[in-house]
Each structure stands twice: as structure tokens, then as C-alpha cells.
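A short write-up of the structure that comes next.
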Amino acid sequence: MSDQIYLLAVLGAIAAIAEWLGRRPAGSWLGGAIITLILGILFANLGVIPTITNAPPLYGYLVSVGAPVAIFLLLLDVHLGALRRAGLPMLAAFGIGSAGTIIGVLTAFWLTDADAWLGRFAAPVGGMYAATYIGGSPNLTAVALHFRVTDEPALFAGVNVADGIVGTLWLAALVMLVQLLHRLCGTRPDPDSQDTSEIEDARPITVISVGALLALAFASFWMSQQLSDWTAERGLRVPPILILTTLALLMAHVPAVQRLGGARMLGLFGSYLFIAVIGASCDFEALAGLGRTGGLLVLFVAIVLL
């Protein structure tokens with residue numbers, strides 16, 4: 001029991017350090033999630049926390065329960081009503097971007113012959129990249145959980161690292177492209193768009209809000225498992241993660257839930273714990289064992305973004 005408490009203390013420290021570094025100018029290029037992954041790998045290989053070879057039960061709980069609950073909490077801040085304010089041009093741009101992402105994944109799949117070097121994980125990895133570049137990191141994790149890519153920690157870490165390396169260069173290129181277009185067109189950037197500081201939750205975070213959010217998250221997780229089993233008994237199994245994310249999007253539009261502060265904070269913390277465990281599950285030998293696969297993952301992401 002004491003080992004589990006010690007492990008929770010270290011994982012909590014990793015989450016705090018990663019978030020702090022991610023807010024610094026240098027760390028912002030990587031982001032808190034990638035820093036968490038790197039710290040998890042380093043701490044495990046230095047012997048501070050266990051690797052996958054002698055993984056404690058806590059690792060399994062954080063992957064199987066912690067990650068879906070974190071995704072649920074993060075999705076509570078998604079409000080589809082904002083689509084009306086976005087307007088048709090932005091929705092059209094999103095549709096074009098989504099179609100372009102899918103075309104990019106299919107092209108990368110074909111050009112790199114993904115089936116040959118990823119085997120049964122080829123389609124799930126392609127789906128993970130499509131999901132993250134269309135809807136964000138929580139979607140990458142959701143796809144990975146459903147197709148059990150998380151059962152291969154070295155591969156899951158490699159997918160995230162490739163995303164972090166190429167994605168960071170891509171974001172930097174976009175920033176430079178915007179500046180170049182402003183110069184060519186003789187326009188000036190909107191001053192409001194220059195403020196890149198993190199948007200803090202203006203709602204009060206109280207014991208009531210935290211307790212209610214956690215109760216909703218765990219109850220919805222349990223319900224998604226039950227409903228998935230129910231659909232399986234009728235011959236058409238619906239993935240639990242799909243039910244869970246649907247419940248989250250529905251509850252995000254309930255006024256009483258919208259007034260609860262702290263969903264993003266709790267979701268982010270939970271996702272950091274999960275990512276730290278994935279990092280801890282990867283020893284350097286396993287990552288080195290990716291070899292050619294690691295390079296091809298980077299090439300795969302580059303083709304998708306191009």
C-alpha cells in the first residue's frame with residue numbers, strides 16, 4: 001500500500017512539474033503532455049518509479065479508468081452552441097481541414113506502406129492521427145484506448161513523440177506563415193489574437209463543483225460500460241468510449257453542469273497522470289527497439305500535415 005501512495009506522490013509531482021514547464025516560454029514549444037511523457041520515461045528508467053516489467057496495479061487503473069474519466073471531464077468544456085457564433089465560413093474551413101486531414105492520413109498510409117511496419121496497429125495509428133488533428137489530443141487517446149494501442153507502451157509513446165516533434169514544427173511554421181501573409185498583404189494582426197496566455201476558468205472551483213464533476217465522470221464511465229455490454233447482448237456492441245464521449249457532450253449543455261468550475265483542471269490532471277504512466281511503461285530499450293518504426297512515424301505525421 002505504501003508503494004502505491006509513493007507512486008501517486010511521484011506521478012502528481014510529474015504532472016505539476018510538466019504543467020509548470022509547459023507554461024514557460026521554452027517548454028511551451030513541447031507542451032505539458034509531451035513533457036509529462038518525457039518525465040515519465042526518465043523517472044522510470046532512472047528507477048524512481050517502476051517500469052512495465054513490474055508495473056503495480058495503479059498503472060492499470062490509471063489507463064483503464066483514469067484516461068476515459070479525464071477525457072469525459074475535458075469534453076465538458078465543449079459547447080456546440082458556439083458553432084452558431086462561429087458562422088458558416090469557419091465551419092466550412094473546419095470541414096475542409098477535416099477532409100484534408102483524412103486525405104493526408106490515407107496518403108501517408110499508402111506512401112509509407114503502414115501495414116508492413118505497423119501490422120495490426122496500422123489502421124488504429126492512422127485513426128489516432130486523424131482524430132488528433134481533427135479534434136485534439138483527447139481524441140487520440142480515446143482511439144488508442146479503444147483499439148488497445150496503449151497495450152503497446154513503446155508504440156503509444158512513439159506515436160505521441162512523433163506527433164510532438166512534427167506537430168511543434170508545424171505550429172511554428174503556421175505562426176511564421178501568418179506573419180508572412182500579414183507583411184505581403186500589408187495588414188496588421190488583431191491585438192487580441194496576440195494574447196496566447198492560457199484561458200483560466202472564471203467559474204469558482206469549490207468542493208461542491210469538484211465533487212459533482214467527479215461523481216458525474218465516474219457515474220458516466222460506469223454507465224458507458226453497462227450500456228456497451230447491453231448493446232453487445234443484442235448483437236451490436238457500441239464501444240464504451242463512444243458512449244462516454246456522447247454523454248459528456250450531452251451533459252456539457254446542461255446549465256447546471258456548465259456552472260460547475262474545475263472540469264478542465266481535473267481532466268488535464270487526470271490526463272497527465274495517464275500519460276506519465278504510459279511514459280513509465282516505456283524503458284529505453286523498448287523505445288530504442290522502435291528503430292525504423294520511430295522514423296517512419298515521424299515521416300507519417302509529416303505527410304499527414306503536408
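All residue names refer to the C-alpha cells as shown: chains lettered A, B, ... in order, residues numbered from 1 in each chain, ligands numbered from 1 in order.
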Next on the checklist: Just want the 12 Å neighbourhood of A:Leu11, counted on only C-alpha atoms, with same-chain residues fewer than 2 positions away dropped. Output as a ChimeraX atom specification.
Outcome noted: /A:4-9,13-18,36-37,39-41,43-44,48-50,58-59,62,269-280
Report the closest atom pair, with its distance in Å rounded to one decimal, for each residue of stretch 91-146 of chain A that has an atom no farther than 9 Å from stretch 66-77 of chain A; count only C-alpha atoms, sort by chain and then rising residue number, and write it as a Markdown table.
| residue | atom | partner | partner_atom | distance |
| --- | --- | --- | --- | --- |
| A:Pro138 | CA | A:Ile71 | CA | 5.8 |
| A:Asn139 | CA | A:Ile71 | CA | 8.2 |
| A:Thr141 | CA | A:Ala67 | CA | 7.7 |
| A:Ala142 | CA | A:Pro68 | CA | 7.2 |
| A:Leu145 | CA | A:Pro68 | CA | 8.3 |
Using N, CA, C and O atoms, can you export the residues from the last selection as a PDB file, in the first residue's frame?
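Result file follows (part.pdb):
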ATOM      1  N   PRO A 138      -7.330  14.664 -26.770  1.00  0.00           N
ATOM      2  CA  PRO A 138      -8.212  13.676 -26.125  1.00  0.00           C
ATOM      3  C   PRO A 138      -8.728  12.621 -27.089  1.00  0.00           C
ATOM      4  O   PRO A 138      -8.929  11.458 -26.722  1.00  0.00           O
ATOM      5  N   ASN A 139      -8.939  13.007 -28.361  1.00  0.00           N
ATOM      6  CA  ASN A 139      -9.432  12.042 -29.353  1.00  0.00           C
ATOM      7  C   ASN A 139      -8.371  11.003 -29.691  1.00  0.00           C
ATOM      8  O   ASN A 139      -8.678   9.831 -29.933  1.00  0.00           O
ATOM      9  N   THR A 141      -6.155   9.847 -27.640  1.00  0.00           N
ATOM     10  CA  THR A 141      -6.163   8.905 -26.519  1.00  0.00           C
ATOM     11  C   THR A 141      -7.382   7.996 -26.568  1.00  0.00           C
ATOM     12  O   THR A 141      -7.284   6.800 -26.294  1.00  0.00           O
ATOM     13  N   ALA A 142      -8.541   8.565 -26.930  1.00  0.00           N
ATOM     14  CA  ALA A 142      -9.763   7.758 -26.987  1.00  0.00           C
ATOM     15  C   ALA A 142      -9.633   6.638 -28.009  1.00  0.00           C
ATOM     16  O   ALA A 142     -10.010   5.487 -27.746  1.00  0.00           O
ATOM     17  N   LEU A 145      -7.207   3.969 -26.725  1.00  0.00           N
ATOM     18  CA  LEU A 145      -7.797   3.111 -25.695  1.00  0.00           C
ATOM     19  C   LEU A 145      -8.711   2.061 -26.307  1.00  0.00           C
ATOM     20  O   LEU A 145      -8.665   0.884 -25.937  1.00  0.00           O
TER      21      LEU A 145
END
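For stretch 108-121 of chain A, the list of residues within 6 Å, based on only C-alpha atoms and with local chain neighbours fewer than 3 positions off taken out, reads Val105, Pro124, Val125, Phe300 and Ile303 of chain A.
Considering the residues A:Gly127, A:Ala173, A:Trp20, A:His146 and counting only C-alpha atoms, A:Leu305 has its shortest atom-to-atom contact with A:Ala173.
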Checklist entry - stretch 5-121 of chain A: which residues are helix (DSSP H, G or I) by DSSP, as an NGL selection string? => result :A and (5-23 or 27-29 or 32-45 or 52-54 or 57-75 or 82-111 or 114-121)
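Pairwise distance (atom CA of A:Met128, atom CA of A:Gly167) equals 13.8 Å.
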